[in-house]
Amino acid sequence: MPELPEVETVRRGLSPVMEGAVIARAEVNRPDLRWPLPERMAERLTGARVERLWRRSKYLLADLSTGETLLVHLGMSGRILISGVTIGDFHYPHPAPENHDHVVFHLGTGARVTFNDSRRFGAMDLMPTAAAEAHWLLRDLGPEPLGNGFDEVYLAARLKGRRTPVKSALLDQRLVAGLGNIYVCEALHRAGISPLRHAGRISGKRAAGLVPVIREVLAEAIEAGGSSLRDYRKADGELGYFQHSFRVYDRVGRPCPRPGCGGTIARAVQSGRSSFYCPRCQR
Ligand SMILES: [Zn+2]
């Protein structure tokens, strides 16, 4: 499942292809994904110019010249492919249509953006741009972890008095938007905080220390995604997925990578999801 860095990588890959381009034809091949697609979606998108492509949490948003904003969520298995474009000295020809190519944007530039989703947990919606932030999927989200609203004072205040494990607190999208299982595990390891520790029992100083490490793990992953984007020949026109090495995630039984620790990565199940951590250096 794509997390924030993957979605940001998709946005950065799509941005030069879509921003400023007109959707000459929108091909909508089925009435629904996870939920019904917007009414008359193809008609409402046709002729619209993409003014700005942005991201909120794990949602991609395209502000259109029609005054509407298109929301795209990749869900579990959603993939976005670009074709008919030349990037660097590499040209992506249009691929043959595939099963599960549910929505295809044919751009005025000759480029094509294809949304393929075999399991259909993805979603798309259209709303007035002025009301985009109030959309039901976005309105309750906490601050962006890479934005100014997420700082030491904010996080310490939000963790204080909380009885849930810190892992669950950080996965709460109302506290901070877009953090998922992988990057929470990685950040807690770097901060030396056990995922099992109750949020309210972390000192203000240690809670404050979580902010820079959360930003760091996300920024490094986005940078890794950017590197994969630059390596276009491997990307096949598919955006957002890249090989990334994790320090603790999915590394149960391996030695802790913290210099001098000597511990072994363990797994615990919390709220039905695996936490990977080092019991020796994460307290
Ligand atoms: Zn360790």
# chains A, B, ... in the order shown; residues from 1 in each chain; ligands from 1

$ residues_near_ligand --ligand "ligand 1" --cutoff "9 Å" --atoms "only C-alpha atoms and all ligand atoms" --output "list in words"
His189, Gly192, Pro255, Cys256, Pro257, Arg258, Pro259, Gly260, Cys261, Gly262, Gly263, Thr264, Ile265, Tyr277, Cys278, Pro279, Arg280, Cys281 and Gln282 of chain A

$ select_by_dssp --residues "segment 29-259 of chain A" --states "helix (DSSP H, G or I)" --output "VMD selection string"
chain A and resid 41 to 45 129 to 134 152 to 159 166 to 171 181 to 191 199 to 201 204 to 230 232 to 235

$ write_last_selection --atoms "C-alpha atoms" --output "short mmCIF file (atom, residue, chain, number, x, y, z; two decimals), in the first residue's frame"
data_model
loop_
_atom_site.label_atom_id
_atom_site.label_comp_id
_atom_site.auth_asym_id
_atom_site.auth_seq_id
_atom_site.Cartn_x
_atom_site.Cartn_y
_atom_site.Cartn_z
CA MET A 41 -17.07 12.48 -14.69
CA ALA A 42 -15.77 12.21 -18.27
CA GLU A 43 -17.83 15.19 -19.35
CA ARG A 44 -16.74 17.33 -16.41
CA LEU A 45 -13.06 16.60 -17.03
CA THR A 129 -11.78 23.73 -5.59
CA ALA A 130 -12.86 26.23 -2.94
CA ALA A 131 -14.28 23.37 -0.87
CA ALA A 132 -11.51 20.84 -1.48
CA GLU A 133 -10.07 20.94 2.04
CA ALA A 134 -13.57 20.36 3.43
CA GLU A 152 7.62 19.83 18.68
CA VAL A 153 5.12 21.84 20.70
CA TYR A 154 2.17 20.40 18.78
CA LEU A 155 3.27 16.77 19.03
CA ALA A 156 4.21 16.91 22.72
CA ALA A 157 0.81 18.44 23.48
CA ARG A 158 -1.06 15.82 21.46
CA LEU A 159 0.76 12.86 23.01
CA VAL A 166 2.66 5.74 20.74
CA LYS A 167 2.53 3.62 17.58
CA SER A 168 -1.28 3.85 17.46
CA ALA A 169 -1.15 7.58 18.25
CA LEU A 170 1.14 8.28 15.30
CA LEU A 171 -1.07 6.22 12.99
CA ASN A 181 2.92 1.52 9.41
CA ILE A 182 6.29 1.44 7.66
CA TYR A 183 7.47 4.96 8.38
CA VAL A 184 6.14 4.99 11.94
CA CYS A 185 8.22 1.85 12.67
CA GLU A 186 11.27 3.48 11.11
CA ALA A 187 10.83 6.78 12.95
CA LEU A 188 10.31 5.13 16.35
CA HIS A 189 13.51 3.15 15.89
CA ARG A 190 15.50 6.25 15.06
CA ALA A 191 14.01 8.04 18.05
CA ALA A 199 2.06 7.91 24.30
CA GLY A 200 1.30 9.79 27.50
CA ARG A 201 4.34 8.31 29.22
CA GLY A 204 8.14 16.04 26.42
CA LYS A 205 11.75 16.08 25.34
CA ARG A 206 11.59 12.63 23.74
CA ALA A 207 8.25 13.43 22.11
CA ALA A 208 9.79 16.57 20.65
CA GLY A 209 12.64 14.45 19.29
CA LEU A 210 10.16 12.44 17.24
CA VAL A 211 9.35 15.39 14.98
CA PRO A 212 12.75 15.67 13.27
CA VAL A 213 13.10 11.90 12.83
CA ILE A 214 9.62 11.59 11.28
CA ARG A 215 10.53 14.37 8.85
CA GLU A 216 13.88 12.71 8.18
CA VAL A 217 12.52 9.23 7.34
CA LEU A 218 9.88 10.72 5.03
CA ALA A 219 12.35 13.06 3.32
CA GLU A 220 14.83 10.24 2.76
CA ALA A 221 12.12 8.03 1.24
CA ILE A 222 10.95 10.85 -1.03
CA GLU A 223 14.55 11.37 -2.08
CA ALA A 224 14.86 7.64 -2.84
CA GLY A 225 11.66 7.88 -4.90
CA GLY A 226 13.10 10.85 -6.73
CA SER A 227 16.19 8.82 -7.57
CA SER A 228 13.99 6.06 -8.97
CA LEU A 229 12.13 8.66 -11.06
CA ARG A 230 15.39 9.86 -12.54
CA TYR A 232 13.44 6.37 -16.10
CA ARG A 233 14.44 3.27 -17.99
CA LYS A 234 13.56 1.10 -15.04
CA ALA A 235 10.36 2.91 -14.25
#

$ atom_distance --atom1 "atom CA of Leu37 of chain A" --atom2 "atom CA of Leu71 of chain A"
10.7 Å

$ atom_distance --atom1 "atom CA of Phe246 of chain A" --atom2 "atom CA of Arg273 of chain A"
17.0 Å

$ closest_atom_pairs --of "segment 81-143 of chain A" --to "segment 25-36 of chain A" --cutoff "9 Å" --atoms "only C-alpha atoms" --output "CSV"
residue,atom,partner,partner_atom,distance
A:His100,CA,A:Asn29,CA,8.8
A:Asp101,CA,A:Asn29,CA,7.5
A:His102,CA,A:Asn29,CA,5.0
A:Val103,CA,A:Val28,CA,4.7
A:Val104,CA,A:Glu27,CA,5.0
A:Phe105,CA,A:Ala26,CA,4.7
A:His106,CA,A:Arg25,CA,5.1
A:Leu107,CA,A:Arg25,CA,6.9
A:Gly108,CA,A:Arg25,CA,8.3
A:Asp117,CA,A:Leu33,CA,8.3
A:Arg119,CA,A:Leu33,CA,8.7
A:Arg120,CA,A:Leu33,CA,4.9
A:Phe121,CA,A:Arg34,CA,4.8
A:Gly122,CA,A:Arg34,CA,5.7
A:Ala123,CA,A:Arg34,CA,5.6
A:Met124,CA,A:Leu33,CA,7.7
A:Asp125,CA,A:Pro36,CA,8.8

$ atom_distance --atom1 "atom CA of Glu19 of chain A" --atom2 "atom CA of Glu68 of chain A"
14.7 Å

$ closest_residue --among "A:Ile80, A:Ile193, A:Val176, A:Leu74" --to "Glu3 of chain A" --atoms "only C-alpha atoms"
A:Leu74

$ residues_around --residues "Thr109 of chain A" --least-positions-apart "4" --cutoff "9 Å" --atoms "only C-alpha atoms" --output "CSV table (one decimal) with N, CA and C atoms, in the first residue's frame"
chain,number,residue,atom,x,y,z
A,17,VAL,N,4.0,16.3,-16.4
A,17,VAL,CA,3.2,15.8,-17.5
A,17,VAL,C,1.8,16.5,-17.5
A,21,ALA,N,-1.4,21.1,-18.8
A,21,ALA,CA,-2.0,20.4,-19.9
A,21,ALA,C,-3.5,20.3,-19.8
A,22,VAL,N,-4.1,20.2,-21.0
A,22,VAL,CA,-5.6,20.1,-21.1
A,22,VAL,C,-6.0,18.6,-21.2
A,23,ILE,N,-7.0,18.2,-20.5
A,23,ILE,CA,-7.5,16.9,-20.6
A,23,ILE,C,-8.4,16.9,-21.9
A,24,ALA,N,-7.8,16.4,-23.0
A,24,ALA,CA,-8.6,16.5,-24.3
A,24,ALA,C,-9.7,15.5,-24.2
A,84,GLY,N,3.5,8.3,-23.8
A,84,GLY,CA,3.4,9.3,-24.9
A,84,GLY,C,4.2,10.5,-24.5
A,85,VAL,N,5.2,10.3,-23.6
A,85,VAL,CA,6.0,11.5,-23.2
A,85,VAL,C,7.5,11.1,-23.4
